[in-house]
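*Asks:* Here's a structure for you.
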Amino acid sequence: MVELGHFALVLACVLATVQFFIPWIGTQLGDDRLMAVARPASVAVFGFVALSFAALTAAYVTSDFSVQNVWENSHSLKPMLFKVTGVWGNHEGSMLLWVLILAFFGALVAWFSDNLPASLRTNVLAVQGLVGAAFLLFILATSNPFARINPAPIEGRDLNPILQDIGLAIHPPLLYLGYVGFSVCFSFAVAALIEGRIDAAWARWVRPWTLAAWLFLTGGIAMGSYWAYYELGWGGWWFWDPVENASFLPWLSGTALLHSAIVMERRSALKIWTLLLAILTFSLSLLGTFLVRSGVLTSVHAFATDPARGVFILMILIALIGGSLALFAARASTLTQGGLFHPVSREGALVLNNLFLTTAAATVLIGTLYPLLIEAVTGDKISVGAPFFNLTFIPLMIPLLLAVPFGPLLAWKRGDLYAVAQRLYFALGAALLTALVVFFFVEGKGALAAFGVGLAVWLMLGALTDLTLKAGIGSVGAAVAWKRFKGLPRSVYGTAAAHFGLGVTVLGIAAVTSLEIERIVVMQPGDTMPIAGYTLRFDGIAPHRGPNFTEEQGRFVYLDSDGRQRGEIVSSKRLYTARQMPTTEAGIATRGFSQLYVSLGDPTPDGGVVVRVWWKPLVLLLWLGGVAMMAGGAISLFDRRFRVGAPSRNRIALARSDVPAE
């Protein structure tokens, strides 16, 4: 099975090369037969990569330690869930998952592209084949997941303990679906540049792929944040780690692309800018892959340490990014600019959105790459931490968030800013009132909390105002308003849900940043400590043995102000026996949207233990907002406009024969 998986990977690489070269030649010669190779080739590539991935998964499930990758990252006593997730909990397996998702998107384009012009579809699939061939060659040349060990070891070395968590089953696949999903937008952009033609229909075809990639990337980032929050035991939800930034960068540019494509679809404007954003977004995804897989960063996410891998990926980056930008520079002047619009309009608001998002992405990119460049040039090691990002990123986001509710209410081509402001008077009044209440009744960082909570209320009520006005609630009868509400396009619901979710996330950030309580104490069994209206009692430490680890469990009970027990919290220090690697497992009790977070520290000579306790108000809203944004993206995907494209041959034939189409 292992050799079959390796051979399937070789065949996939060959077929991906065929998928790129033969159809591209066909488009140059106008040969339909050569162009027709693209669709079956892309489906075959996906089939062979899926077979290869299944073979590696089978090796993990059966604990085949004759495979070096399995020996290095698995253990026979590991729970079955973590045996499966361990397939992508390492460099080789995660790259295979990356290519599997890339091939999957290529197959999706082949399956659901009947309404695309033949030449455009062929060029899109050819570019997908080029990207796939490059990364399949990378895996075969430097990261073979099927390398054998002879003689086979009796037992494996186990997976990194930090990765032995349900988060590994969700976070990397979601993140890769986002990363790699933008490859389709990239392929569409390069195909349009090859043809030298771009129009509103192009934007309509690209938007669903952009939306799907953005949806998955949002979920991947949110899941990764929550995973780090509860698994690492440090109590934080975002650290501006370079690897975190590597996923955040394509999210920022992808969000800009999503809004830019709306302008292009509706008004045939921002054509060149939208093409450039499509190229840059996937380029940032590739840059993130380079940072994580090249060994230039040390992180729980960074698996690779072999310099040869970094050089190989860097060559792929130079070829794909450099080649696409060179093509853009050569062809951009031949493309038409598109329609004009007034600065105060829906288009103008979306351009403002793009301006702030791309500038914010640039600041994050500079802060992430600057230490690496300094180290490469001078050998000096410096760090760019949270203070830099907070001082540069947050000031850019505040005016953008303030402007978000205005955008959907402005008219296309020319809007009335004063009229829109009047429609938002209730949202503004409620936000100001909420901010004043928080400022006067919250101790500590009252001003910061008031501003953040007020901004969150402004975003959420602004999203609801958009739905209310478009349904005519308050200006027409209830029956008519309900009928209008049900008849709104799904994209309107999706936009409102995404903007509302953004407000929910801002509310969570504001609350946990300004109102969080932290205590670090030494506790003996029986000791208590008050925090946020609760009393936390330490009941002692007890040993416990898991399937592949031992741990010391600290047991805590928390009581309310009346002395009634509300629940138990278990926090532990684990030791994974195979790797002899310790981890801290935080104990978390959820009360509504808030959490009591307990992290067990080191023992003290007098028999006590260091305990770090946080009260995190409304912290769950951070991630529930991400879920709402994902829901908004999913709802928008079902908008009927995304199912309208170029007429298919069957429709043309029916129209010509005067037979009504169903």
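Please note that chains go A, B, ... in the order of the structure tokens, that every chain numbers its residues from 1, and that ligands are numbered from 1 in the order shown.
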For stretch 140-142 of chain A, find every residue with an atom within 8 Å (counting only C-alpha atoms), except residues of its own chain fewer than 4 positions away, and show them as a PyMOL selection string.

*Replies:* chain A and resi 9-10+136+308-309

*Asks:* Take the residues just selected and output them with N, CA and C atoms as an mmCIF file, in the first residue's frame.

*Replies:*
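File result_0.cif, as written:
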data_model
loop_
_atom_site.group_PDB
_atom_site.id
_atom_site.type_symbol
_atom_site.label_atom_id
_atom_site.label_comp_id
_atom_site.auth_asym_id
_atom_site.auth_seq_id
_atom_site.Cartn_x
_atom_site.Cartn_y
_atom_site.Cartn_z
ATOM 1 N N LEU A 9 1.607 9.184 -6.299
ATOM 2 C CA LEU A 9 2.101 10.556 -6.208
ATOM 3 C C LEU A 9 2.940 10.920 -7.424
ATOM 4 N N VAL A 10 3.742 9.954 -7.887
ATOM 5 C CA VAL A 10 4.539 10.184 -9.100
ATOM 6 C C VAL A 10 3.634 10.373 -10.309
ATOM 7 N N LEU A 136 3.926 19.079 -6.188
ATOM 8 C CA LEU A 136 4.125 17.629 -6.209
ATOM 9 C C LEU A 136 5.594 17.292 -6.426
ATOM 10 N N ALA A 308 17.283 22.778 2.254
ATOM 11 C CA ALA A 308 16.988 22.458 0.858
ATOM 12 C C ALA A 308 15.507 22.660 0.557
ATOM 13 N N ARG A 309 14.674 22.360 1.534
ATOM 14 C CA ARG A 309 13.238 22.564 1.340
ATOM 15 C C ARG A 309 12.923 24.045 1.193
#

*Asks:* Fewer than 3 positions away in the same chain doesn't count, so skip those; otherwise give me all residues within 9 Å of stretch 567-576 of chain A, counting only C-alpha atoms, as a PyMOL selection string.

*Replies:* chain A and resi 158+161+541+548-559+579-589+596-602

*Asks:* Atoms to include: N, CA and C atoms. Write the selected residues as a tab-separated table (two decimals), in the first residue's frame.

*Replies:*
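For reference, result.tsv as written:
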chain	number	residue	atom	x	y	z
A	158	ASP	N	6.13	9.03	18.56
A	158	ASP	CA	4.93	9.76	18.96
A	158	ASP	C	4.87	11.14	18.29
A	161	PRO	N	3.27	16.42	21.38
A	161	PRO	CA	2.12	16.42	22.29
A	161	PRO	C	1.18	17.61	22.12
A	541	ILE	N	-3.76	17.81	44.34
A	541	ILE	CA	-3.24	17.22	43.10
A	541	ILE	C	-3.32	15.71	43.18
A	548	ASN	N	-1.08	7.45	26.42
A	548	ASN	CA	0.35	7.60	26.10
A	548	ASN	C	0.99	8.74	26.88
A	549	PHE	N	0.43	9.03	28.07
A	549	PHE	CA	1.00	10.08	28.91
A	549	PHE	C	0.64	9.83	30.37
A	550	THR	N	1.39	10.45	31.25
A	550	THR	CA	1.05	10.52	32.67
A	550	THR	C	0.86	11.99	33.03
A	551	GLU	N	0.07	12.26	34.04
A	551	GLU	CA	-0.17	13.65	34.40
A	551	GLU	C	-0.47	13.80	35.88
A	552	GLU	N	-0.23	15.00	36.37
A	552	GLU	CA	-0.61	15.40	37.71
A	552	GLU	C	-1.77	16.38	37.56
A	553	GLN	N	-2.95	15.98	38.04
A	553	GLN	CA	-4.14	16.78	37.87
A	553	GLN	C	-4.40	17.64	39.11
A	554	GLY	N	-4.50	18.94	38.89
A	554	GLY	CA	-4.90	19.84	39.95
A	554	GLY	C	-6.40	20.05	39.91
A	555	ARG	N	-7.06	19.77	41.01
A	555	ARG	CA	-8.52	19.85	41.05
A	555	ARG	C	-8.95	21.10	41.82
A	556	PHE	N	-9.82	21.86	41.18
A	556	PHE	CA	-10.33	23.11	41.76
A	556	PHE	C	-11.85	23.08	41.74
A	557	VAL	N	-12.44	23.73	42.71
A	557	VAL	CA	-13.88	23.92	42.78
A	557	VAL	C	-14.15	25.42	42.85
A	558	TYR	N	-15.12	25.90	42.07
A	558	TYR	CA	-15.45	27.32	42.18
A	558	TYR	C	-16.88	27.46	42.71
A	559	LEU	N	-17.03	28.43	43.63
A	559	LEU	CA	-18.28	28.66	44.33
A	559	LEU	C	-18.76	30.08	44.03
A	579	ARG	N	8.15	10.82	24.06
A	579	ARG	CA	9.03	11.96	23.77
A	579	ARG	C	9.61	12.60	25.03
A	580	GLN	N	9.11	12.18	26.19
A	580	GLN	CA	9.51	12.81	27.45
A	580	GLN	C	9.35	14.32	27.37
A	581	MET	N	8.18	14.73	26.85
A	581	MET	CA	7.89	16.15	26.65
A	581	MET	C	6.72	16.56	27.52
A	582	PRO	N	6.91	17.60	28.36
A	582	PRO	CA	5.83	18.04	29.24
A	582	PRO	C	4.92	19.05	28.54
A	583	THR	N	3.66	19.08	28.93
A	583	THR	CA	2.72	20.09	28.45
A	583	THR	C	1.85	20.55	29.62
A	584	THR	N	1.24	21.70	29.45
A	584	THR	CA	0.29	22.23	30.43
A	584	THR	C	-1.11	22.17	29.84
A	585	GLU	N	-2.03	21.53	30.52
A	585	GLU	CA	-3.41	21.44	30.06
A	585	GLU	C	-4.25	22.36	30.94
A	586	ALA	N	-4.76	23.44	30.35
A	586	ALA	CA	-5.53	24.41	31.12
A	586	ALA	C	-6.89	23.84	31.49
A	587	GLY	N	-7.40	24.29	32.63
A	587	GLY	CA	-8.76	23.96	33.04
A	587	GLY	C	-9.65	25.17	32.80
A	588	ILE	N	-10.78	24.97	32.14
A	588	ILE	CA	-11.64	26.09	31.76
A	588	ILE	C	-13.07	25.78	32.16
A	589	ALA	N	-13.69	26.73	32.84
A	589	ALA	CA	-15.11	26.64	33.17
A	589	ALA	C	-15.84	27.78	32.44
A	596	LEU	N	-13.75	31.08	33.18
A	596	LEU	CA	-12.78	31.05	34.27
A	596	LEU	C	-11.68	30.09	33.84
A	597	TYR	N	-10.47	30.60	33.72
A	597	TYR	CA	-9.37	29.87	33.07
A	597	TYR	C	-8.28	29.65	34.12
A	598	VAL	N	-7.90	28.39	34.35
A	598	VAL	CA	-6.93	28.04	35.38
A	598	VAL	C	-5.78	27.27	34.74
A	599	SER	N	-4.55	27.75	34.98
A	599	SER	CA	-3.36	27.10	34.45
A	599	SER	C	-2.45	26.72	35.62
A	600	LEU	N	-2.07	25.45	35.68
A	600	LEU	CA	-1.25	24.93	36.76
A	600	LEU	C	0.22	25.18	36.47
A	601	GLY	N	0.93	25.75	37.47
A	601	GLY	CA	2.35	26.03	37.31
A	601	GLY	C	3.22	25.01	38.03
A	602	ASP	N	4.43	25.42	38.40
A	602	ASP	CA	5.38	24.52	39.03
A	602	ASP	C	5.11	24.40	40.52

*Asks:* Which residues of stretch 79-137 of chain A come within 12 Å of stretch 313-320 of chain A, and what is each one's closest atom pair and distance in Å (one decimal), counting only C-alpha atoms, sorted by chain and residue number, as a tab-separated table?

*Replies:*
residue	atom	partner	partner_atom	distance
A:Met95	CA	A:Ile313	CA	11.4
A:Val127	CA	A:Leu320	CA	9.7
A:Gln128	CA	A:Leu320	CA	11.1
A:Leu130	CA	A:Leu320	CA	8.9
A:Val131	CA	A:Leu320	CA	7.7
A:Gly132	CA	A:Ile316	CA	10.9
A:Ala133	CA	A:Ile316	CA	10.5
A:Ala134	CA	A:Ile316	CA	6.7
A:Phe135	CA	A:Ile316	CA	8.0
A:Leu136	CA	A:Ile316	CA	11.3
A:Leu137	CA	A:Ile316	CA	10.2

*Asks:* Point out the residue among A:Ser383, A:Thr604, A:Ser113, A:Ser63 with the least atom-to-atom distance to A:Val522, counting only C-alpha atoms.

*Replies:*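 The shortest atom-to-atom distance to A:Val522 comes from A:Thr604.
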
*Asks:* Got a sec to tell me which of stretch 407-615 of chain A DSSP assigns to alpha helix (DSSP H), as an NGL selection string?

*Replies:* :A and (417-423 or 425-441 or 446-471 or 478-487 or 490-515)

*Asks:* For the selection you just gave me, I'd like the residues written to a file as a PDB file, in the first residue's frame, keeping C-alpha atoms.

*Replies:*
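The result, written out as out.pdb:
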ATOM      1  CA  LEU A 417     -23.806  60.406   2.842  1.00  0.00           C
ATOM      2  CA  TYR A 418     -26.071  62.662   4.914  1.00  0.00           C
ATOM      3  CA  ALA A 419     -29.165  60.593   4.114  1.00  0.00           C
ATOM      4  CA  VAL A 420     -27.357  57.388   5.075  1.00  0.00           C
ATOM      5  CA  ALA A 421     -26.207  58.979   8.340  1.00  0.00           C
ATOM      6  CA  GLN A 422     -29.832  59.811   9.114  1.00  0.00           C
ATOM      7  CA  ARG A 423     -30.837  56.189   8.563  1.00  0.00           C
ATOM      8  CA  TYR A 425     -29.202  57.492  13.789  1.00  0.00           C
ATOM      9  CA  PHE A 426     -30.663  54.705  15.972  1.00  0.00           C
ATOM     10  CA  ALA A 427     -27.514  52.556  15.678  1.00  0.00           C
ATOM     11  CA  LEU A 428     -25.321  55.569  16.466  1.00  0.00           C
ATOM     12  CA  GLY A 429     -27.456  56.634  19.438  1.00  0.00           C
ATOM     13  CA  ALA A 430     -27.501  53.117  20.886  1.00  0.00           C
ATOM     14  CA  ALA A 431     -23.728  52.803  20.440  1.00  0.00           C
ATOM     15  CA  LEU A 432     -23.065  56.132  22.179  1.00  0.00           C
ATOM     16  CA  LEU A 433     -25.450  55.307  25.022  1.00  0.00           C
ATOM     17  CA  THR A 434     -23.824  51.898  25.512  1.00  0.00           C
ATOM     18  CA  ALA A 435     -20.370  53.470  25.516  1.00  0.00           C
ATOM     19  CA  LEU A 436     -21.419  56.026  28.152  1.00  0.00           C
ATOM     20  CA  VAL A 437     -22.896  53.319  30.388  1.00  0.00           C
ATOM     21  CA  VAL A 438     -19.719  51.223  30.148  1.00  0.00           C
ATOM     22  CA  PHE A 439     -17.503  54.277  30.773  1.00  0.00           C
ATOM     23  CA  PHE A 440     -19.273  55.305  33.976  1.00  0.00           C
ATOM     24  CA  PHE A 441     -19.994  51.893  35.445  1.00  0.00           C
ATOM     25  CA  GLY A 446     -13.213  52.302  31.328  1.00  0.00           C
ATOM     26  CA  ALA A 447     -12.408  54.482  28.307  1.00  0.00           C
ATOM     27  CA  LEU A 448     -10.952  51.588  26.288  1.00  0.00           C
ATOM     28  CA  ALA A 449     -13.842  49.316  27.193  1.00  0.00           C
ATOM     29  CA  ALA A 450     -16.404  52.017  26.398  1.00  0.00           C
ATOM     30  CA  PHE A 451     -14.961  52.715  22.971  1.00  0.00           C
ATOM     31  CA  GLY A 452     -14.611  49.034  22.055  1.00  0.00           C
ATOM     32  CA  VAL A 453     -18.095  48.056  23.229  1.00  0.00           C
ATOM     33  CA  GLY A 454     -19.627  51.122  21.559  1.00  0.00           C
ATOM     34  CA  LEU A 455     -17.872  50.274  18.288  1.00  0.00           C
ATOM     35  CA  ALA A 456     -19.140  46.684  18.502  1.00  0.00           C
ATOM     36  CA  VAL A 457     -22.733  47.832  19.067  1.00  0.00           C
ATOM     37  CA  TRP A 458     -22.371  50.262  16.142  1.00  0.00           C
ATOM     38  CA  LEU A 459     -21.311  47.402  13.839  1.00  0.00           C
ATOM     39  CA  MET A 460     -24.014  44.984  14.969  1.00  0.00           C
ATOM     40  CA  LEU A 461     -26.891  47.471  14.865  1.00  0.00           C
ATOM     41  CA  GLY A 462     -25.586  48.861  11.585  1.00  0.00           C
ATOM     42  CA  ALA A 463     -25.869  45.391  10.044  1.00  0.00           C
ATOM     43  CA  LEU A 464     -29.412  44.981  11.376  1.00  0.00           C
ATOM     44  CA  THR A 465     -30.325  48.470  10.113  1.00  0.00           C
ATOM     45  CA  ASP A 466     -29.344  47.423   6.601  1.00  0.00           C
ATOM     46  CA  LEU A 467     -31.776  44.492   6.716  1.00  0.00           C
ATOM     47  CA  THR A 468     -34.508  46.593   8.332  1.00  0.00           C
ATOM     48  CA  LEU A 469     -34.395  49.332   5.710  1.00  0.00           C
ATOM     49  CA  LYS A 470     -34.197  46.984   2.743  1.00  0.00           C
ATOM     50  CA  ALA A 471     -37.227  45.078   4.025  1.00  0.00           C
ATOM     51  CA  ALA A 478     -46.011  44.091   8.519  1.00  0.00           C
ATOM     52  CA  ALA A 479     -47.180  41.672   5.809  1.00  0.00           C
ATOM     53  CA  VAL A 480     -45.461  43.627   3.047  1.00  0.00           C
ATOM     54  CA  ALA A 481     -42.302  44.017   5.125  1.00  0.00           C
ATOM     55  CA  TRP A 482     -42.187  40.283   5.809  1.00  0.00           C
ATOM     56  CA  LYS A 483     -42.663  39.535   2.127  1.00  0.00           C
ATOM     57  CA  ARG A 484     -39.848  41.931   1.222  1.00  0.00           C
ATOM     58  CA  PHE A 485     -37.632  40.472   3.937  1.00  0.00           C
ATOM     59  CA  LYS A 486     -38.103  36.929   2.627  1.00  0.00           C
ATOM     60  CA  GLY A 487     -37.461  38.106  -0.931  1.00  0.00           C
ATOM     61  CA  ARG A 490     -29.160  35.819  -0.001  1.00  0.00           C
ATOM     62  CA  SER A 491     -26.084  37.981  -0.474  1.00  0.00           C
ATOM     63  CA  VAL A 492     -27.840  40.720   1.543  1.00  0.00           C
ATOM     64  CA  TYR A 493     -28.401  38.287   4.422  1.00  0.00           C
ATOM     65  CA  GLY A 494     -24.828  37.068   4.104  1.00  0.00           C
ATOM     66  CA  THR A 495     -23.369  40.578   4.188  1.00  0.00           C
ATOM     67  CA  ALA A 496     -25.444  41.482   7.243  1.00  0.00           C
ATOM     68  CA  ALA A 497     -24.453  38.262   9.047  1.00  0.00           C
ATOM     69  CA  ALA A 498     -20.756  38.778   8.287  1.00  0.00           C
ATOM     70  CA  HIS A 499     -20.801  42.414   9.446  1.00  0.00           C
ATOM     71  CA  PHE A 500     -22.809  41.454  12.542  1.00  0.00           C
ATOM     72  CA  GLY A 501     -20.266  38.706  13.267  1.00  0.00           C
ATOM     73  CA  LEU A 502     -17.467  41.248  12.931  1.00  0.00           C
ATOM     74  CA  GLY A 503     -19.202  43.333  15.588  1.00  0.00           C
ATOM     75  CA  VAL A 504     -19.545  40.298  17.857  1.00  0.00           C
ATOM     76  CA  THR A 505     -15.805  39.610  17.525  1.00  0.00           C
ATOM     77  CA  VAL A 506     -14.985  43.262  18.284  1.00  0.00           C
ATOM     78  CA  LEU A 507     -17.189  43.045  21.391  1.00  0.00           C
ATOM     79  CA  GLY A 508     -15.304  39.968  22.566  1.00  0.00           C
ATOM     80  CA  ILE A 509     -11.929  41.627  21.922  1.00  0.00           C
ATOM     81  CA  ALA A 510     -12.961  44.817  23.732  1.00  0.00           C
ATOM     82  CA  ALA A 511     -14.311  42.950  26.759  1.00  0.00           C
ATOM     83  CA  VAL A 512     -11.446  40.516  27.238  1.00  0.00           C
ATOM     84  CA  THR A 513      -8.743  43.115  26.533  1.00  0.00           C
ATOM     85  CA  SER A 514     -10.014  45.793  28.896  1.00  0.00           C
ATOM     86  CA  LEU A 515     -11.934  43.862  31.563  1.00  0.00           C
TER      87      LEU A 515
END

*Asks:* Mind pulling up the distance from atom CA of A:Ser268 to atom CA of A:Leu120?

*Replies:*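 Taking atom CA of A:Leu120 as the start and atom CA of A:Ser268 as the end point, the length is 18.5 Å.
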
*Asks:* With a distance cut-off of 10 Å and only C-alpha atoms, select the neighbouring residues of A:Ser66, excluding the residue or stretch itself and same-chain residues fewer than 5 positions from it, and output the selection as a list in words.

*Replies:*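 Residues meeting the cut-off are Val2, Ala59, Trp71, Phe146, Ala147, Arg148, Ile149, Asn150, Pro151, Ala152, Pro153, Ile154, Glu155 and Gly156 of chain A.
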
*Asks:* Please produce a file of the residues just selected, as a PDB file, in the first residue's frame, where the atoms kept are N, CA and C atoms.

*Replies:*
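Wrote part-v4.pdb, looks like this:
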ATOM      1  N   VAL A   2       1.977   1.215   0.747  1.00  0.00           N
ATOM      2  CA  VAL A   2       2.871   2.373   0.831  1.00  0.00           C
ATOM      3  C   VAL A   2       3.491   2.666  -0.531  1.00  0.00           C
ATOM      4  N   ALA A  59      -1.171   3.769   6.590  1.00  0.00           N
ATOM      5  CA  ALA A  59       0.071   3.481   7.302  1.00  0.00           C
ATOM      6  C   ALA A  59       0.007   3.998   8.735  1.00  0.00           C
ATOM      7  N   TRP A  71       6.911   6.560  11.817  1.00  0.00           N
ATOM      8  CA  TRP A  71       7.773   6.328  12.987  1.00  0.00           C
ATOM      9  C   TRP A  71       8.072   7.640  13.725  1.00  0.00           C
ATOM     10  N   PHE A 146       6.705   8.739   2.062  1.00  0.00           N
ATOM     11  CA  PHE A 146       6.674   7.277   2.003  1.00  0.00           C
ATOM     12  C   PHE A 146       8.063   6.645   2.139  1.00  0.00           C
ATOM     13  N   ALA A 147       9.041   7.406   2.575  1.00  0.00           N
ATOM     14  CA  ALA A 147      10.390   6.851   2.748  1.00  0.00           C
ATOM     15  C   ALA A 147      10.358   5.737   3.794  1.00  0.00           C
ATOM     16  N   ARG A 148      11.091   4.634   3.500  1.00  0.00           N
ATOM     17  CA  ARG A 148      11.090   3.453   4.368  1.00  0.00           C
ATOM     18  C   ARG A 148      12.284   3.446   5.326  1.00  0.00           C
ATOM     19  N   ILE A 149      12.121   2.706   6.420  1.00  0.00           N
ATOM     20  CA  ILE A 149      13.213   2.418   7.357  1.00  0.00           C
ATOM     21  C   ILE A 149      13.401   0.907   7.382  1.00  0.00           C
ATOM     22  N   ASN A 150      14.629   0.484   7.250  1.00  0.00           N
ATOM     23  CA  ASN A 150      14.925  -0.949   7.273  1.00  0.00           C
ATOM     24  C   ASN A 150      16.161  -1.189   8.153  1.00  0.00           C
ATOM     25  N   PRO A 151      16.009  -1.935   9.260  1.00  0.00           N
ATOM     26  CA  PRO A 151      14.807  -2.640   9.736  1.00  0.00           C
ATOM     27  C   PRO A 151      13.813  -1.688  10.376  1.00  0.00           C
ATOM     28  N   ALA A 152      12.564  -2.120  10.402  1.00  0.00           N
ATOM     29  CA  ALA A 152      11.500  -1.269  10.946  1.00  0.00           C
ATOM     30  C   ALA A 152      11.588  -1.230  12.463  1.00  0.00           C
ATOM     31  N   PRO A 153      11.505  -0.046  13.077  1.00  0.00           N
ATOM     32  CA  PRO A 153      11.486   0.048  14.550  1.00  0.00           C
ATOM     33  C   PRO A 153      10.242  -0.612  15.131  1.00  0.00           C
ATOM     34  N   ILE A 154      10.338  -1.039  16.390  1.00  0.00           N
ATOM     35  CA  ILE A 154       9.207  -1.701  17.047  1.00  0.00           C
ATOM     36  C   ILE A 154       8.153  -0.677  17.448  1.00  0.00           C
ATOM     37  N   GLU A 155       8.591   0.512  17.839  1.00  0.00           N
ATOM     38  CA  GLU A 155       7.661   1.534  18.327  1.00  0.00           C
ATOM     39  C   GLU A 155       8.003   2.885  17.730  1.00  0.00           C
ATOM     40  N   GLY A 156       6.989   3.750  17.649  1.00  0.00           N
ATOM     41  CA  GLY A 156       7.187   5.075  17.083  1.00  0.00           C
ATOM     42  C   GLY A 156       7.600   6.094  18.127  1.00  0.00           C
TER      43      GLY A 156
END
